[in-house]
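Q: Below you'll find the structure I mean.
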Amino acid sequence: MCFWADPTEGEESRLQNPDDQKKIDRYVNCILCALCYGSCSINVKKPEYVGPAALAKAWRFNQVTRSKNPERYMDAAIAPEGAPLCDLVMNCVKVCPKGVAPGGAIRKIKQSQ
């Protein structure tokens, strides 16, 4: 199954509730510019860190109510090279040109553990 929640043959479309969509709108706006990654002090110290953009995307996809298996994104986000490495310095929030605020998503990931 592709992530876009395309139904398989014989399956109905899974629609996203507008209220649920509002919860992820901020994270949908990521343009993958990597400014958050470049501003992150953890990336310098821990090259295995997946970075703020990847974690914001993981949070976004975890919150999509159309997905059949959203926990797979959280499993990836809480892996040792994911959210546990983040010190929540929030440089990623300061530099994001689209207001995505990856640090907010990372905080939510950490709180959900």
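Labels used: A, B, ... for chains in the order of the structure tokens, numbers from 1 for residues in each chain, and numbers from 1 for ligands as shown.
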List the neighbours of Glu48 of chain A out to 9 Å using only C-alpha atoms; skip same-chain residues closer than 3 positions along the sequence, and give me the result as a list in words.
A: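 Residues meeting the cut-off are Asn43, Gly51, Glu81 and Gly82 of chain A.
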Q: For Asn17 of chain A, work out the shell of residues within 9 Å, counting only C-alpha atoms and skipping chain neighbours fewer than 4 positions away, then give it as a list in words.
A: Gln21, Lys22, Thr65 and Arg66 of chain A
Q: The selected residues should be written to file as a compact mmCIF listing (two decimals), in the first residue's frame (atoms: C-alpha atoms).
A:
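Below is the file that was written, part-v2.txt:
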```
# COMPACT_ATOMS: atom_id res chain seq x y z
CA GLN A 21 -6.20 17.71 9.00
CA LYS A 22 -5.84 20.96 10.96
CA THR A 65 -6.01 9.26 10.41
CA ARG A 66 -6.19 7.65 6.98
```
Q: Can you list, as an MDAnalysis selection string, every residue of chain A that DSSP puts in helix (DSSP H, G or I)?
A: chainID A and resid 18:28 35:39 41:45 52:63 71:77 83:85 91:95 102:111
Q: Work out how far apart atom CA of Ala83 of chain A and atom CA of Ala56 of chain A are and give it in Å to one decimal.
A: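 If I compute the distance from atom CA of Ala83 of chain A to atom CA of Ala56 of chain A, I get 9.9 Å.
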Q: List the neighbours of segment 97-104 of chain A out to 8 Å using only C-alpha atoms; skip same-chain residues closer than 6 positions along the sequence, and give me the result as a PyMOL selection string.
A: chain A and resi 26-31+36+52-53+55-56+88+90
Q: My list of candidates is A:Leu15, A:Leu32, A:Ala105, A:Cys86. Which is closest to Val44 of chain A when distances are computed with only C-alpha atoms?
A: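 Checking each of A:Leu15, A:Leu32, A:Ala105, A:Cys86 against Val44 of chain A, counting only C-alpha atoms, the winner is A:Cys86.
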Q: Using only C-alpha atoms for the distances, tell me which of A:Met74, A:Ile109, A:Val93, A:Val64 is nearest to Ile24 of chain A.
A: A:Val64
Q: What does the distance between atom CA of Val95 of chain A and atom CA of Leu35 of chain A come to in Å, to one decimal place?
A: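 A separation of 6.3 Å between them.
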Q: Do you know which residues are at most 12 Å from Gln113 of chain A counting only C-alpha atoms, after dropping those on the same chain fewer than 2 positions away, and could you put them as a list in words?
A: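 Surrounding residues, per the criterion: Glu71, Met74, Asp75, Ala77, Ile78, Ala79, Ala83, Pro84, Ile106, Arg107, Lys108, Ile109, Lys110 and Gln111 of chain A.
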Q: List as a PDB file with C-alpha atoms, in the first residue's frame the protein and nucleic acid residues near Asp87 of chain A, meaning an atom at most 8 Å away when only C-alpha atoms are counted, but skip any in the same chain fewer than 2 places from it.
A:
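File produced: result-v7.pdb:
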```
ATOM      1  CA  ILE A  42      22.923  17.604  17.628  1.00  0.00           C
ATOM      2  CA  LEU A  85      18.901  12.379  20.733  1.00  0.00           C
ATOM      3  CA  VAL A  89      17.352  23.537  21.759  1.00  0.00           C
TER       4      VAL A  89
END
```
Q: In Å, with one decimal, what is the gap from atom CA of Asp19 of chain A to atom CA of Gln63 of chain A?
A: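 Between atom CA of Asp19 of chain A and atom CA of Gln63 of chain A the gap is 11.5 Å.
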